[in-house]
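Structure file final_5.cif (mmCIF, C-alpha atoms and all ligand atoms) is printed below.
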data_target
#
loop_
_atom_site.label_atom_id
_atom_site.label_comp_id
_atom_site.auth_asym_id
_atom_site.auth_seq_id
_atom_site.Cartn_x
_atom_site.Cartn_y
_atom_site.Cartn_z
CA MET A 16 0.00 0.00 0.00
CA ASP A 17 2.96 2.35 0.50
CA ARG A 18 4.92 1.95 -2.70
CA LEU A 19 4.66 5.68 -3.43
CA LYS A 20 4.61 6.95 0.15
CA ASP A 21 5.63 10.65 0.45
CA LYS A 22 5.69 11.13 -3.31
CA VAL A 23 3.95 13.90 -5.23
CA ALA A 24 2.63 13.01 -8.68
CA ILE A 25 1.10 14.82 -11.63
CA VAL A 26 -1.28 12.80 -13.79
CA THR A 27 -2.45 14.47 -17.01
CA GLY A 28 -5.79 13.44 -18.46
CA ALA A 29 -6.57 12.20 -14.95
CA GLY A 30 -10.30 12.53 -15.38
CA THR A 31 -12.60 9.90 -16.70
CA ARG A 32 -15.78 10.17 -18.70
CA GLU A 33 -18.92 8.93 -17.04
CA MET A 34 -18.66 5.20 -16.78
CA ASP A 35 -21.46 3.39 -18.56
CA GLU A 36 -22.51 -0.23 -18.21
CA ARG A 37 -19.27 -1.28 -19.89
CA LYS A 38 -17.32 0.13 -16.95
CA LEU A 39 -14.80 1.72 -19.28
CA ARG A 40 -12.36 4.13 -17.77
CA GLY A 41 -9.34 6.14 -18.80
CA VAL A 42 -5.70 5.26 -18.22
CA GLY A 43 -5.10 8.54 -16.38
CA SER A 44 -7.89 8.01 -13.87
CA ALA A 45 -6.89 4.40 -13.10
CA THR A 46 -3.30 5.55 -12.60
CA ALA A 47 -4.28 8.46 -10.36
CA VAL A 48 -6.38 6.12 -8.21
CA LEU A 49 -3.55 3.58 -7.84
CA PHE A 50 -0.96 6.30 -7.18
CA ALA A 51 -3.15 7.62 -4.35
CA ARG A 52 -3.76 4.12 -2.98
CA GLU A 53 0.00 3.64 -2.88
CA GLY A 54 0.45 6.78 -0.81
CA ALA A 55 1.14 9.53 -3.36
CA ARG A 56 -0.47 12.97 -3.29
CA VAL A 57 -1.78 13.54 -6.80
CA ILE A 58 -2.37 16.57 -9.03
CA LEU A 59 -5.25 15.63 -11.34
CA ALA A 60 -4.78 17.71 -14.50
CA ASP A 61 -7.61 17.66 -17.01
CA ILE A 62 -9.38 19.94 -19.45
CA ASP A 63 -12.79 18.73 -18.28
CA GLU A 64 -13.89 19.59 -14.76
CA GLU A 65 -16.57 16.92 -14.45
CA ASN A 66 -14.19 14.20 -15.58
CA ALA A 67 -11.51 15.34 -13.15
CA GLU A 68 -13.92 15.66 -10.23
CA ARG A 69 -15.09 12.11 -10.84
CA THR A 70 -11.55 10.85 -10.21
CA ARG A 71 -11.03 13.17 -7.24
CA ALA A 72 -14.25 11.95 -5.60
CA GLU A 73 -13.11 8.35 -5.99
CA ILE A 74 -9.70 9.07 -4.46
CA ARG A 75 -11.13 11.07 -1.57
CA ALA A 76 -13.73 8.39 -0.84
CA GLU A 77 -10.83 6.00 -0.30
CA GLY A 78 -9.04 8.46 2.02
CA GLY A 79 -6.46 9.55 -0.57
CA GLU A 80 -5.20 13.05 -1.34
CA ALA A 81 -5.66 14.78 -4.69
CA GLU A 82 -6.17 18.24 -6.15
CA VAL A 83 -7.75 19.11 -9.49
CA VAL A 84 -6.03 21.50 -11.90
CA LEU A 85 -8.05 22.50 -14.95
CA ALA A 86 -5.69 22.86 -17.88
CA ASP A 87 -5.38 22.24 -21.58
CA VAL A 88 -2.03 20.47 -22.01
CA SER A 89 -1.77 21.63 -25.63
CA LYS A 90 -1.00 25.13 -24.29
CA THR A 91 2.49 25.60 -22.94
CA ASP A 92 1.51 28.14 -20.27
CA GLU A 93 -1.04 25.65 -18.97
CA CYS A 94 1.67 22.97 -18.76
CA ARG A 95 3.59 25.43 -16.57
CA LYS A 96 0.44 25.97 -14.48
CA ILE A 97 0.13 22.23 -13.80
CA VAL A 98 3.72 21.96 -12.55
CA ASP A 99 3.34 25.16 -10.48
CA ALA A 100 0.23 23.68 -8.86
CA ALA A 101 2.20 20.66 -7.65
CA ILE A 102 4.75 22.93 -5.99
CA GLU A 103 2.10 25.26 -4.53
CA HIS A 104 -0.01 22.46 -3.07
CA TYR A 105 2.62 19.94 -2.05
CA GLY A 106 6.02 21.68 -2.18
CA LYS A 107 7.78 19.31 -4.59
CA LEU A 108 7.36 16.98 -7.54
CA ASP A 109 8.45 13.32 -7.83
CA ILE A 110 6.40 11.77 -10.65
CA LEU A 111 5.01 13.04 -13.96
CA PHE A 112 2.56 10.70 -15.68
CA ASN A 113 2.32 12.26 -19.14
CA ASN A 114 -0.85 10.64 -20.46
CA VAL A 115 -2.99 12.84 -22.71
CA GLY A 116 -3.03 11.66 -26.31
CA SER A 117 -4.97 12.74 -29.36
CA TYR A 118 -6.09 10.44 -32.14
CA GLY A 119 -5.42 11.50 -35.71
CA ALA A 120 -6.19 9.30 -38.70
CA GLY A 121 -5.06 9.34 -42.29
CA MET A 122 -2.20 8.23 -44.53
CA VAL A 123 0.56 10.72 -45.22
CA THR A 124 -1.03 11.56 -48.57
CA GLU A 125 -4.27 12.50 -46.82
CA ILE A 126 -2.99 14.69 -44.01
CA ASP A 127 -5.06 17.69 -43.13
CA GLU A 128 -2.91 20.51 -41.76
CA GLU A 129 -5.32 21.65 -39.08
CA LEU A 130 -5.76 18.12 -37.73
CA TRP A 131 -1.99 17.55 -37.85
CA ASP A 132 -1.29 20.69 -35.79
CA ARG A 133 -3.94 19.79 -33.24
CA VAL A 134 -2.77 16.18 -32.80
CA MET A 135 0.86 17.30 -32.45
CA ASP A 136 -0.04 20.00 -29.91
CA VAL A 137 -2.20 17.76 -27.74
CA GLY A 138 -0.27 14.51 -28.07
CA LEU A 139 3.39 15.50 -28.40
CA LYS A 140 4.10 19.17 -27.69
CA SER A 141 2.24 18.77 -24.39
CA MET A 142 4.58 16.01 -23.26
CA VAL A 143 7.68 17.99 -24.27
CA PHE A 144 6.61 21.09 -22.35
CA LEU A 145 5.43 19.20 -19.30
CA CYS A 146 8.92 17.63 -19.20
CA LYS A 147 10.48 21.07 -19.68
CA TYR A 148 8.78 22.45 -16.59
CA ALA A 149 8.66 19.29 -14.46
CA ILE A 150 12.23 18.03 -14.73
CA PRO A 151 13.91 21.05 -13.06
CA GLU A 152 11.46 20.76 -10.15
CA MET A 153 12.22 17.05 -9.81
CA ALA A 154 15.95 17.71 -9.93
CA ALA A 155 15.54 20.38 -7.24
CA SER A 156 13.98 17.82 -4.89
CA GLY A 157 16.62 15.13 -5.48
CA GLY A 158 15.24 13.38 -8.57
CA GLY A 159 12.09 11.94 -10.00
CA SER A 160 10.37 9.73 -12.53
CA VAL A 161 8.72 10.75 -15.81
CA ILE A 162 6.41 8.22 -17.47
CA ASN A 163 5.34 9.08 -21.02
CA ILE A 164 2.43 7.18 -22.54
CA SER A 165 3.30 6.09 -26.07
CA SER A 166 1.67 3.20 -27.96
CA ILE A 167 2.60 0.15 -30.00
CA ASP A 168 1.48 2.41 -32.87
CA GLY A 169 4.60 4.50 -32.20
CA MET A 170 6.82 1.48 -32.88
CA ARG A 171 5.13 -0.14 -35.89
CA ALA A 172 2.26 0.71 -38.22
CA GLY A 173 -0.96 0.14 -36.28
CA ASN A 174 -4.16 -1.50 -37.43
CA SER A 175 -5.57 1.76 -38.72
CA ARG A 176 -3.94 4.27 -41.03
CA ASN A 177 -3.05 6.89 -38.48
CA VAL A 178 0.04 8.84 -39.46
CA PRO A 179 -0.55 11.85 -37.15
CA TYR A 180 -1.24 9.65 -34.11
CA GLY A 181 1.62 7.25 -34.87
CA ILE A 182 4.07 10.12 -35.24
CA THR A 183 3.12 11.59 -31.86
CA LYS A 184 3.66 8.17 -30.28
CA GLY A 185 7.02 7.65 -32.05
CA GLY A 186 8.09 11.15 -31.04
CA ILE A 187 7.26 10.34 -27.43
CA ILE A 188 9.68 7.41 -27.53
CA THR A 189 12.44 9.66 -28.87
CA LEU A 190 11.64 12.30 -26.23
CA THR A 191 11.88 9.58 -23.58
CA ARG A 192 15.34 8.42 -24.65
CA LEU A 193 16.75 11.92 -25.10
CA ALA A 194 15.48 13.21 -21.76
CA ALA A 195 16.65 10.03 -19.97
CA VAL A 196 20.18 10.62 -21.29
CA HIS A 197 20.21 14.35 -20.64
CA HIS A 198 18.81 14.26 -17.10
CA GLY A 199 20.21 11.03 -15.65
CA ARG A 200 22.83 12.88 -13.62
CA GLU A 201 20.03 14.84 -11.94
CA ASN A 202 18.57 11.50 -10.87
CA VAL A 203 15.56 12.02 -13.10
CA ARG A 204 14.45 8.80 -14.76
CA VAL A 205 12.42 8.99 -17.96
CA ASN A 206 10.58 5.94 -19.26
CA SER A 207 7.74 5.22 -21.60
CA ILE A 208 4.88 2.73 -21.56
CA ALA A 209 3.65 1.49 -24.93
CA PRO A 210 0.13 0.12 -24.46
CA GLY A 211 -1.22 -2.50 -26.82
CA HIS A 212 -4.89 -2.84 -27.76
CA LEU A 213 -6.44 -1.76 -24.50
CA HIS A 214 -10.12 -1.34 -23.96
CA THR A 215 -10.43 2.14 -22.43
CA THR A 216 -12.46 5.29 -22.92
CA PHE A 217 -10.00 6.27 -25.65
CA VAL A 218 -11.47 3.59 -27.95
CA ARG A 219 -15.06 3.75 -26.67
CA HIS A 220 -16.49 4.12 -30.20
CA ILE A 221 -15.12 0.90 -31.73
CA SER A 222 -17.46 -1.95 -32.66
CA GLU A 223 -17.75 -5.18 -30.64
CA GLU A 224 -16.23 -6.98 -33.61
CA ALA A 225 -13.16 -4.75 -33.59
CA ARG A 226 -12.90 -5.14 -29.85
CA GLU A 227 -12.87 -8.95 -30.20
CA ARG A 228 -10.23 -8.79 -32.90
CA ARG A 229 -8.02 -6.60 -30.71
CA ARG A 230 -8.35 -9.08 -27.83
CA LYS A 231 -7.74 -12.21 -29.88
CA ILE A 232 -4.69 -11.12 -31.86
CA ALA A 233 -2.25 -10.99 -28.91
CA PRO A 234 -0.61 -14.11 -27.43
CA LEU A 235 -2.40 -13.87 -24.07
CA GLY A 236 -5.80 -13.54 -25.76
CA THR A 237 -7.24 -11.55 -22.86
CA GLU A 238 -8.50 -7.97 -22.97
CA GLY A 239 -6.35 -5.24 -21.45
CA ASN A 240 -7.72 -2.22 -19.65
CA ALA A 241 -6.61 0.98 -17.95
CA TRP A 242 -5.56 -0.84 -14.77
CA ASP A 243 -2.93 -2.82 -16.67
CA ILE A 244 -1.15 0.43 -17.55
CA ALA A 245 -1.69 1.87 -14.09
CA TRP A 246 0.11 -1.03 -12.38
CA ALA A 247 3.09 -0.63 -14.71
CA ALA A 248 3.09 3.09 -13.87
CA VAL A 249 3.14 2.37 -10.13
CA PHE A 250 6.31 0.32 -10.66
CA LEU A 251 7.99 2.94 -12.86
CA GLY A 252 7.00 5.73 -10.48
CA SER A 253 8.28 3.94 -7.39
CA ASP A 254 11.83 3.47 -6.14
CA GLU A 255 11.52 -0.22 -7.08
CA SER A 256 12.56 0.91 -10.57
CA ARG A 257 15.39 3.20 -9.37
CA TRP A 258 17.84 1.73 -11.91
CA ILE A 259 15.53 1.80 -14.92
CA SER A 260 15.65 4.77 -17.28
CA GLY A 261 15.23 5.31 -21.01
CA VAL A 262 13.17 2.19 -21.64
CA VAL A 263 9.97 1.66 -23.58
CA LEU A 264 7.86 -0.94 -21.80
CA PRO A 265 5.23 -2.62 -23.97
CA VAL A 266 2.13 -3.50 -21.93
CA ASP A 267 0.43 -5.41 -24.70
CA ALA A 268 -0.41 -9.04 -23.82
CA GLY A 269 2.74 -10.16 -25.64
CA LEU A 270 1.91 -8.60 -28.98
CA PHE A 271 5.35 -7.17 -29.55
CA ALA A 272 7.10 -10.53 -29.02
CA GLY A 273 6.00 -11.95 -32.34
CA SER A 274 6.04 -11.08 -35.98
CA PRO A 275 2.64 -10.17 -37.48
CA LEU A 276 2.39 -13.56 -39.23
CA SER A 277 3.00 -15.44 -35.97
CA MET A 278 -0.16 -13.82 -34.58
CA VAL A 279 -2.57 -14.43 -37.46
CA ASP A 280 -3.67 -17.90 -36.25
CA ASN A 281 -4.88 -16.32 -33.01
CA LEU A 282 -7.72 -14.71 -34.95
CA ASP A 283 -9.13 -18.13 -35.93
CA GLU A 284 -9.78 -19.28 -32.38
CA GLU A 285 -13.40 -19.58 -31.26
N1 LIG A 301 -6.89 2.53 -25.56
C1 LIG A 301 -5.87 2.14 -26.27
O1 LIG A 301 -5.94 1.13 -27.00
C2 LIG A 301 -4.57 2.86 -26.21
C3 LIG A 301 -3.50 2.27 -26.83
C4 LIG A 301 -2.30 2.92 -26.82
C5 LIG A 301 -2.17 4.14 -26.16
N2 LIG A 301 -3.22 4.70 -25.56
C6 LIG A 301 -2.99 5.99 -24.93
O2 LIG A 301 -3.47 6.06 -23.60
C7 LIG A 301 -3.59 7.45 -23.26
C8 LIG A 301 -4.82 7.70 -22.42
O3 LIG A 301 -5.98 7.18 -22.95
P1 LIG A 301 -7.34 7.31 -22.11
O4 LIG A 301 -8.17 6.15 -22.49
O5 LIG A 301 -7.07 7.55 -20.69
O6 LIG A 301 -7.88 8.67 -22.78
P2 LIG A 301 -9.28 9.42 -22.74
O7 LIG A 301 -9.59 9.74 -24.15
O8 LIG A 301 -10.28 8.71 -21.94
O9 LIG A 301 -8.91 10.82 -22.02
C9 LIG A 301 -8.64 10.90 -20.65
C10 LIG A 301 -8.81 12.33 -20.16
O10 LIG A 301 -7.99 13.26 -20.89
C11 LIG A 301 -8.64 14.53 -20.88
N3 LIG A 301 -8.09 15.40 -21.94
C12 LIG A 301 -8.32 15.34 -23.27
N4 LIG A 301 -7.68 16.34 -23.92
C13 LIG A 301 -7.04 17.07 -22.96
C14 LIG A 301 -6.22 18.24 -22.98
N5 LIG A 301 -5.93 18.86 -24.14
N6 LIG A 301 -5.72 18.70 -21.82
C15 LIG A 301 -6.00 18.09 -20.65
N7 LIG A 301 -6.78 16.98 -20.55
C16 LIG A 301 -7.30 16.47 -21.69
C17 LIG A 301 -10.12 14.16 -21.09
O11 LIG A 301 -10.95 15.20 -20.63
C18 LIG A 301 -10.26 12.88 -20.27
O12 LIG A 301 -10.78 13.12 -18.98
C19 LIG A 301 -3.54 8.23 -24.57
O13 LIG A 301 -2.26 8.85 -24.69
C20 LIG A 301 -3.68 7.14 -25.63
O14 LIG A 301 -3.04 7.49 -26.83
C21 LIG A 301 -4.44 4.10 -25.56
#
Same coordinates, now as structure tokens:
Amino acid sequence: MDRLKDKVAIVTGAGTREMDERKLRGVGSATAVLFAREGARVILADIDEENAERTRAEIRAEGGEAEVVLADVSKTDECRKIVDAAIEHYGKLDILFNNVGSYGAGMVTEIDEELWDRVMDVGLKSMVFLCKYAIPEMAASGGGSVINISSIDGMRAGNSRNVPYGITKGGIITLTRLAAVHHGRENVRVNSIAPGHLHTTFVRHISEEARERRRKIAPLGTEGNAWDIAWAAVFLGSDESRWISGVVLPVDAGLFAGSPLSMVDNLDEE
């Protein structure tokens, strides 16, 4: 229960949309709840007040500590505001869970400039500027852990034609490695999690057929959800991972272990 005792964490996109009968939830909210259960004080950064308050209510009902900061992470001054809030409320910063992503579809020949700019701002620029403001604060309090949420789509072409999204996720992996190298001597660790085909609020619009295909294709054949990422984040945020920096951790039911052809038979199972 105390794996993050005395730590202060920022979670971006920490809110969750109203949960329907499918009990879907976001990665950020599951992570914020587990961080608080493990003893961290959490800054819940989100653009949507209702979503953020939903997570705060859950944490407070369990006796945890969390504050909401309303911010749009695509705006650099609002990234600054999120980091400032951690210092104002709790006096230091130990963990940054950089989670907000923005989906953008299309092949390179189809790219729409407005969509491209938006997806880059929300999904990549946000992570760069949150690192810019957070890392000096971490260094000032003896070190810290940054966890950037990428995707298997940042490592290989995904199952939809999504050049803008894939490029944000690939950029996040590069950001992770560069910042890990540049800030290691300040005892700031920077790692990335690459989720596989999770079932979360992010993909709430997909059909049941697509959902089944996403489950079946991976070696484990089970469906992943927000909690699977949250548990990995607890490890990377805690001192248990003190000697791990610059890695990209796939949390994907084994998908990345095989070649695409080695997985095709999985789709034929009943
Ligand atoms: N579900 C998957 O299969 C999958 C796979 C790989 C990676 N991911 C990644 O997981 C991450 C989180 O997904 P999720 O399901 O929690 O997302 P989500 O779409 O449910 O969003 C979570 C929260 O982010 C907030 N948000 C949106 N735009 C914001 C902004 N500009 N500023 C601040 N807050 C904002 C929303 O209000 C919401 O409360 C994303 O980066 C996504 O790319 C998901």
Practice item. Give as a PyMOL selection string the residues surrounding ligand LIG 301 (chain A) up to a distance of 6 Å, considering only C-alpha atoms and all ligand atoms. Key: chain A and resi 28-32+41-43+61-63+66+86-89+114-116+137+164-166+210-218
Review point. Using only C-alpha atoms, which residues sit within 10 Å of range 157-159 of chain A once same-chain residues fewer than 3 positions away are excluded, as a list in words?
Key: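 So the residues in contact are Lys22, Val23, Ala24, Lys107, Leu108, Asp109, Ile110, Leu111, Ala149, Ile150, Pro151, Glu152, Met153, Ala154, His198, Gly199, Arg200, Glu201, Asn202, Val203, Arg204, Val205, Gly252, Ser253, Asp254 and Arg257 of chain A.
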Review point. What gap, in Å, lies between CA of Val266 in chain A and CA of Val48 in chain A?
Key: 18.8 Å
Review point. Of the residues A:Asp92, A:Ser44, A:Thr124, A:Ile232, which is the one nearest to Arg176 in chain A, using only C-alpha atoms?
Key: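 The answer is A:Thr124, which sits nearest to Arg176 in chain A.
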Point to revise | Closest of A:Gly54, A:Gly173, A:Gly269, A:Gly119 to Asp21 in chain A - atom-to-atom distances counting only C-alpha atoms | key: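 The closest residue to Asp21 in chain A is A:Gly54.
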Take the structure in the block and write a file for range 46-162 of chain A, C-alpha atoms, as a PDB file, in the first residue's frame.
ATOM      1  CA  THR A  46      -3.295   5.548 -12.605  1.00  0.00           C
ATOM      2  CA  ALA A  47      -4.276   8.459 -10.364  1.00  0.00           C
ATOM      3  CA  VAL A  48      -6.379   6.116  -8.210  1.00  0.00           C
ATOM      4  CA  LEU A  49      -3.554   3.575  -7.837  1.00  0.00           C
ATOM      5  CA  PHE A  50      -0.964   6.303  -7.178  1.00  0.00           C
ATOM      6  CA  ALA A  51      -3.154   7.622  -4.349  1.00  0.00           C
ATOM      7  CA  ARG A  52      -3.763   4.122  -2.975  1.00  0.00           C
ATOM      8  CA  GLU A  53      -0.003   3.639  -2.880  1.00  0.00           C
ATOM      9  CA  GLY A  54       0.448   6.784  -0.810  1.00  0.00           C
ATOM     10  CA  ALA A  55       1.143   9.532  -3.361  1.00  0.00           C
ATOM     11  CA  ARG A  56      -0.469  12.967  -3.291  1.00  0.00           C
ATOM     12  CA  VAL A  57      -1.781  13.538  -6.796  1.00  0.00           C
ATOM     13  CA  ILE A  58      -2.374  16.566  -9.026  1.00  0.00           C
ATOM     14  CA  LEU A  59      -5.248  15.634 -11.343  1.00  0.00           C
ATOM     15  CA  ALA A  60      -4.778  17.711 -14.499  1.00  0.00           C
ATOM     16  CA  ASP A  61      -7.612  17.664 -17.009  1.00  0.00           C
ATOM     17  CA  ILE A  62      -9.376  19.942 -19.447  1.00  0.00           C
ATOM     18  CA  ASP A  63     -12.789  18.733 -18.282  1.00  0.00           C
ATOM     19  CA  GLU A  64     -13.891  19.590 -14.764  1.00  0.00           C
ATOM     20  CA  GLU A  65     -16.566  16.924 -14.448  1.00  0.00           C
ATOM     21  CA  ASN A  66     -14.187  14.198 -15.578  1.00  0.00           C
ATOM     22  CA  ALA A  67     -11.507  15.343 -13.152  1.00  0.00           C
ATOM     23  CA  GLU A  68     -13.918  15.662 -10.228  1.00  0.00           C
ATOM     24  CA  ARG A  69     -15.093  12.105 -10.843  1.00  0.00           C
ATOM     25  CA  THR A  70     -11.552  10.852 -10.208  1.00  0.00           C
ATOM     26  CA  ARG A  71     -11.029  13.168  -7.238  1.00  0.00           C
ATOM     27  CA  ALA A  72     -14.252  11.947  -5.604  1.00  0.00           C
ATOM     28  CA  GLU A  73     -13.110   8.350  -5.991  1.00  0.00           C
ATOM     29  CA  ILE A  74      -9.696   9.072  -4.460  1.00  0.00           C
ATOM     30  CA  ARG A  75     -11.131  11.070  -1.573  1.00  0.00           C
ATOM     31  CA  ALA A  76     -13.735   8.388  -0.840  1.00  0.00           C
ATOM     32  CA  GLU A  77     -10.828   6.003  -0.299  1.00  0.00           C
ATOM     33  CA  GLY A  78      -9.045   8.457   2.016  1.00  0.00           C
ATOM     34  CA  GLY A  79      -6.463   9.553  -0.571  1.00  0.00           C
ATOM     35  CA  GLU A  80      -5.205  13.046  -1.337  1.00  0.00           C
ATOM     36  CA  ALA A  81      -5.659  14.777  -4.686  1.00  0.00           C
ATOM     37  CA  GLU A  82      -6.171  18.244  -6.151  1.00  0.00           C
ATOM     38  CA  VAL A  83      -7.753  19.113  -9.490  1.00  0.00           C
ATOM     39  CA  VAL A  84      -6.028  21.504 -11.905  1.00  0.00           C
ATOM     40  CA  LEU A  85      -8.051  22.504 -14.947  1.00  0.00           C
ATOM     41  CA  ALA A  86      -5.695  22.861 -17.877  1.00  0.00           C
ATOM     42  CA  ASP A  87      -5.379  22.236 -21.576  1.00  0.00           C
ATOM     43  CA  VAL A  88      -2.027  20.475 -22.015  1.00  0.00           C
ATOM     44  CA  SER A  89      -1.767  21.634 -25.631  1.00  0.00           C
ATOM     45  CA  LYS A  90      -1.004  25.133 -24.285  1.00  0.00           C
ATOM     46  CA  THR A  91       2.491  25.597 -22.942  1.00  0.00           C
ATOM     47  CA  ASP A  92       1.512  28.143 -20.272  1.00  0.00           C
ATOM     48  CA  GLU A  93      -1.039  25.648 -18.970  1.00  0.00           C
ATOM     49  CA  CYS A  94       1.669  22.973 -18.756  1.00  0.00           C
ATOM     50  CA  ARG A  95       3.589  25.428 -16.571  1.00  0.00           C
ATOM     51  CA  LYS A  96       0.438  25.974 -14.484  1.00  0.00           C
ATOM     52  CA  ILE A  97       0.126  22.228 -13.798  1.00  0.00           C
ATOM     53  CA  VAL A  98       3.719  21.964 -12.547  1.00  0.00           C
ATOM     54  CA  ASP A  99       3.342  25.158 -10.480  1.00  0.00           C
ATOM     55  CA  ALA A 100       0.228  23.677  -8.857  1.00  0.00           C
ATOM     56  CA  ALA A 101       2.199  20.656  -7.648  1.00  0.00           C
ATOM     57  CA  ILE A 102       4.753  22.930  -5.991  1.00  0.00           C
ATOM     58  CA  GLU A 103       2.104  25.260  -4.530  1.00  0.00           C
ATOM     59  CA  HIS A 104      -0.011  22.457  -3.068  1.00  0.00           C
ATOM     60  CA  TYR A 105       2.619  19.943  -2.054  1.00  0.00           C
ATOM     61  CA  GLY A 106       6.017  21.678  -2.176  1.00  0.00           C
ATOM     62  CA  LYS A 107       7.778  19.310  -4.586  1.00  0.00           C
ATOM     63  CA  LEU A 108       7.365  16.975  -7.538  1.00  0.00           C
ATOM     64  CA  ASP A 109       8.452  13.323  -7.830  1.00  0.00           C
ATOM     65  CA  ILE A 110       6.398  11.767 -10.652  1.00  0.00           C
ATOM     66  CA  LEU A 111       5.015  13.038 -13.955  1.00  0.00           C
ATOM     67  CA  PHE A 112       2.557  10.700 -15.680  1.00  0.00           C
ATOM     68  CA  ASN A 113       2.316  12.258 -19.141  1.00  0.00           C
ATOM     69  CA  ASN A 114      -0.846  10.639 -20.455  1.00  0.00           C
ATOM     70  CA  VAL A 115      -2.993  12.835 -22.714  1.00  0.00           C
ATOM     71  CA  GLY A 116      -3.030  11.658 -26.307  1.00  0.00           C
ATOM     72  CA  SER A 117      -4.971  12.743 -29.363  1.00  0.00           C
ATOM     73  CA  TYR A 118      -6.086  10.440 -32.137  1.00  0.00           C
ATOM     74  CA  GLY A 119      -5.424  11.496 -35.707  1.00  0.00           C
ATOM     75  CA  ALA A 120      -6.193   9.303 -38.696  1.00  0.00           C
ATOM     76  CA  GLY A 121      -5.058   9.338 -42.289  1.00  0.00           C
ATOM     77  CA  MET A 122      -2.199   8.227 -44.528  1.00  0.00           C
ATOM     78  CA  VAL A 123       0.564  10.721 -45.218  1.00  0.00           C
ATOM     79  CA  THR A 124      -1.032  11.559 -48.569  1.00  0.00           C
ATOM     80  CA  GLU A 125      -4.271  12.500 -46.817  1.00  0.00           C
ATOM     81  CA  ILE A 126      -2.991  14.694 -44.011  1.00  0.00           C
ATOM     82  CA  ASP A 127      -5.064  17.692 -43.133  1.00  0.00           C
ATOM     83  CA  GLU A 128      -2.915  20.511 -41.756  1.00  0.00           C
ATOM     84  CA  GLU A 129      -5.322  21.646 -39.083  1.00  0.00           C
ATOM     85  CA  LEU A 130      -5.757  18.121 -37.727  1.00  0.00           C
ATOM     86  CA  TRP A 131      -1.988  17.554 -37.854  1.00  0.00           C
ATOM     87  CA  ASP A 132      -1.289  20.688 -35.795  1.00  0.00           C
ATOM     88  CA  ARG A 133      -3.941  19.792 -33.235  1.00  0.00           C
ATOM     89  CA  VAL A 134      -2.772  16.182 -32.804  1.00  0.00           C
ATOM     90  CA  MET A 135       0.855  17.299 -32.451  1.00  0.00           C
ATOM     91  CA  ASP A 136      -0.043  19.996 -29.911  1.00  0.00           C
ATOM     92  CA  VAL A 137      -2.199  17.758 -27.739  1.00  0.00           C
ATOM     93  CA  GLY A 138      -0.273  14.509 -28.071  1.00  0.00           C
ATOM     94  CA  LEU A 139       3.388  15.497 -28.405  1.00  0.00           C
ATOM     95  CA  LYS A 140       4.098  19.167 -27.688  1.00  0.00           C
ATOM     96  CA  SER A 141       2.236  18.770 -24.394  1.00  0.00           C
ATOM     97  CA  MET A 142       4.585  16.014 -23.264  1.00  0.00           C
ATOM     98  CA  VAL A 143       7.684  17.995 -24.266  1.00  0.00           C
ATOM     99  CA  PHE A 144       6.610  21.093 -22.353  1.00  0.00           C
ATOM    100  CA  LEU A 145       5.432  19.202 -19.301  1.00  0.00           C
ATOM    101  CA  CYS A 146       8.918  17.634 -19.203  1.00  0.00           C
ATOM    102  CA  LYS A 147      10.482  21.073 -19.683  1.00  0.00           C
ATOM    103  CA  TYR A 148       8.778  22.446 -16.586  1.00  0.00           C
ATOM    104  CA  ALA A 149       8.655  19.295 -14.458  1.00  0.00           C
ATOM    105  CA  ILE A 150      12.234  18.027 -14.734  1.00  0.00           C
ATOM    106  CA  PRO A 151      13.913  21.052 -13.062  1.00  0.00           C
ATOM    107  CA  GLU A 152      11.461  20.762 -10.147  1.00  0.00           C
ATOM    108  CA  MET A 153      12.225  17.053  -9.808  1.00  0.00           C
ATOM    109  CA  ALA A 154      15.947  17.708  -9.928  1.00  0.00           C
ATOM    110  CA  ALA A 155      15.535  20.377  -7.241  1.00  0.00           C
ATOM    111  CA  SER A 156      13.982  17.822  -4.888  1.00  0.00           C
ATOM    112  CA  GLY A 157      16.619  15.130  -5.482  1.00  0.00           C
ATOM    113  CA  GLY A 158      15.243  13.381  -8.573  1.00  0.00           C
ATOM    114  CA  GLY A 159      12.087  11.943 -10.003  1.00  0.00           C
ATOM    115  CA  SER A 160      10.373   9.735 -12.529  1.00  0.00           C
ATOM    116  CA  VAL A 161       8.721  10.748 -15.807  1.00  0.00           C
ATOM    117  CA  ILE A 162       6.408   8.221 -17.466  1.00  0.00           C
TER     118      ILE A 162
END
